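A.B. asks: I have a structure here, written as structure tokens, and I will follow up with some questions on it.
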Amino acid sequence: MATNKARVKSVEESIRDTEEPDHQLKKNLSGLDLTVFGVGVIIGTGIFVLTGEVAKTTAGPAVAVSFVVAGLVCALAALCYAEFASTVPVAGSAYTFSYATLGELVAWIIGWDLVLELALGAATVAVGWSGYLNQLLGDLGIPLPTSIAGEEATVNLPAIFIVAVMTGVLVLGIKFSSRVTSVIVAIKVAIVLLVIVVGLFYVKAANYSPFVPPAQETETGSGWTAPLIQTLFGFAPSTFGVGGILAGAAIVFFAFIGFDIVATAAEETKDPKRDLPRGIIGSLVICTVLYVAVSLVVVGMQRYTELSTEAPLADAFRSVGLPFLSGAISVGALAGLTSVVMILMLGQSRVLFAMSRDHLLPRSLGTVHPKYGTPYRITLITGVFVAVLAGFVPLGVLAELVNIGTLFAFVLVSVGVIVLRRTRPDLPRAFRVPFVPVLPVVSALACLYLMLNLPGETWLRFGVWMALGVVVYYGFGRRRSRFSAAGAAERKAAGQRAGGER
């Protein structure tokens, strides 16, 4: 084990902690369950909204290439996640991986950072769910008042409702959550396939020309509102052309957020060494293929300059005389967002559970329900937190924080693979990233490039959030962690209790 000064938690200790009686999760998930979770969280607003926005304003018909580029960046990170998850099959994902390689402070920072991706992401998607529900009710002639539904609501009741229902599902057990997800995923994948198959009959070759429209200079703002890459290096992003394809990739990256959630369920997987790599990589491949197919169909049905930026799929079918399919698409979007909310909250609760078990958060929060085998206290706290954000806080300005938080996690996991290969070459690895260290370095640089395309104000907010996290760590977590005297005493007492029970 590494020195106390480094505060690195060994892989063996991480695995041993999973056997503690009060903090032991049930192993109920298969490789298929993990793949369904991955597809369930990836297919959401991205496929229903971002296709039209990026095609019309940034990449043209080449939006499909933007999806491929974003998918490749995620694939590089996915390979790193797959090696870590199969080597350290413990709840917590990037937090746990960082603890085993880069030490406690970095692990805390990444755990704190994941709140941006998971809790804030779940709240943002819940607000989107409310908007789609109201749109569907409006089509039926019974819309809800805008004061209680949609992004401009004073109190967003549908968003609070969906968070509460998904919290209940998560408390009732991981297998039950998996079954609910399977039903939802079947619905939305069926809708996506319907869009592809029916849309193919209305594709016009002329709409693909030019496939990559000529590059145009774009006004991206100045100061804090400009992309950081422009502020630092004077690089002015363009719309369309090759630059537009890359800029589009930074936007549609949001559509891929979530595949790393599969890694948070490592501890609840029957055969993690085999099934985790399959679930992570399999779900990403399936969703990338679906994204590319949908984007090619949509820009083939309707000229990219005429696409809707709010409901491109529904509008494309309306433009070819098939308005009745817009209702089905709304149902698919609603189903898609439902599973996204649930799985993001699942990931958040498992990260906080792992931090609690390491004493970086109050240990009592991580207690597992004796019947359902879930960390019910942390799940309920997560549900309340997400419900408050979704119900009362306008989240439009904060949405980009979800992207930067995720990309930061990807960078650390990519670096962590190299570190663990050098510090623990003896560990058995069921899955190995090829071409180390080249591929993880490329992964980290690609993620950093996408981060630089985000506005300076997003970086500022991210910095403030990280600084707050460091304050909380030194104010509470460091003094109570496993490496402190208080943490060691608590762990010794817990071990004695467990020994007495056996």
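Here's how to read the names in the structure tokens: chain A, B, ... by the order shown, residue numbers from 1 in each chain, ligand numbers from 1 in the order shown.
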Enumerate the residues of region 197-390 of chain A with a DSSP assignment of helix (DSSP H, G or I), computed from the backbone, and present them as a ChimeraX atom specification.
C.D. replies: /A:197-200,205-208,223-225,228-233,241-256,261-264,266-268,272-301,304-306,312-319,325-357,363-366,376-390
A.B. asks: Determine, counting only C-alpha atoms, which protein, DNA and RNA residues have an atom within 8 Å of an atom of Gly199 (chain A); residues of the same chain fewer than 3 positions away are not included. Present the result as a ChimeraX atom specification.
C.D. replies: /A:194-196,202-203,297-298,301,317
A.B. asks: Please produce a file of the residues just selected, as an mmCIF file, in the first residue's frame, where the atoms kept are N, CA and C atoms.
C.D. replies:
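Output below, filename out.cif:
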data_model
loop_
_atom_site.group_PDB
_atom_site.id
_atom_site.type_symbol
_atom_site.label_atom_id
_atom_site.label_comp_id
_atom_site.auth_asym_id
_atom_site.auth_seq_id
_atom_site.Cartn_x
_atom_site.Cartn_y
_atom_site.Cartn_z
ATOM 1 N N LEU A 194 -38.224 3.492 -35.396
ATOM 2 C CA LEU A 194 -39.362 3.916 -36.223
ATOM 3 C C LEU A 194 -39.001 5.169 -37.028
ATOM 4 N N VAL A 195 -38.355 6.126 -36.352
ATOM 5 C CA VAL A 195 -37.922 7.360 -37.016
ATOM 6 C C VAL A 195 -36.975 7.029 -38.173
ATOM 7 N N ILE A 196 -36.025 6.132 -37.919
ATOM 8 C CA ILE A 196 -35.035 5.796 -38.952
ATOM 9 C C ILE A 196 -35.691 5.087 -40.137
ATOM 10 N N TYR A 202 -38.377 9.060 -47.057
ATOM 11 C CA TYR A 202 -38.607 10.471 -47.392
ATOM 12 C C TYR A 202 -37.299 11.251 -47.530
ATOM 13 N N VAL A 203 -36.182 10.526 -47.595
ATOM 14 C CA VAL A 203 -34.886 11.177 -47.743
ATOM 15 C C VAL A 203 -34.702 11.644 -49.190
ATOM 16 N N VAL A 297 -30.832 10.665 -41.377
ATOM 17 C CA VAL A 297 -32.217 10.630 -41.846
ATOM 18 C C VAL A 297 -32.857 12.012 -41.750
ATOM 19 N N VAL A 298 -32.657 12.691 -40.630
ATOM 20 C CA VAL A 298 -33.314 13.993 -40.415
ATOM 21 C C VAL A 298 -32.827 15.027 -41.411
ATOM 22 N N MET A 301 -34.294 14.325 -44.796
ATOM 23 C CA MET A 301 -35.720 14.600 -44.953
ATOM 24 C C MET A 301 -36.002 16.081 -45.162
ATOM 25 N N PHE A 317 -40.815 15.344 -39.770
ATOM 26 C CA PHE A 317 -41.927 14.490 -40.220
ATOM 27 C C PHE A 317 -43.142 15.329 -40.596
#
A.B. asks: What separation in Å, quoted to one decimal, exists between CA of Tyr99 (chain A) and CA of Cys80 (chain A)?
C.D. replies: 15.4 Å
A.B. asks: Between CA of Tyr208 (chain A) and CA of Ala311 (chain A), what is the distance in Å, rounded to a tenth?
C.D. replies: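 Between these atoms lies a distance of 20.0 Å.
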A.B. asks: Could you check how far CA of Val386 (chain A) sits from CA of Thr154 (chain A), in Å to one decimal?
C.D. replies: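 Distance reported for this atom pair: 16.1 Å.
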A.B. asks: Which is closest to Thr124 (chain A) among A:Gly391, A:Pro312, A:Pro143, A:Gly31, if we use only C-alpha atoms?
C.D. replies: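 With only C-alpha atoms as the atom set, the closest residue is A:Gly391.
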A.B. asks: I need the residue nearest Val285 (chain A) from this list: A:Val419, A:Ile261, A:Ala78, A:Val65. Use only C-alpha atoms for the distance.
C.D. replies: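 Using only C-alpha atoms, the shortest distance to Val285 (chain A) belongs to A:Ala78.
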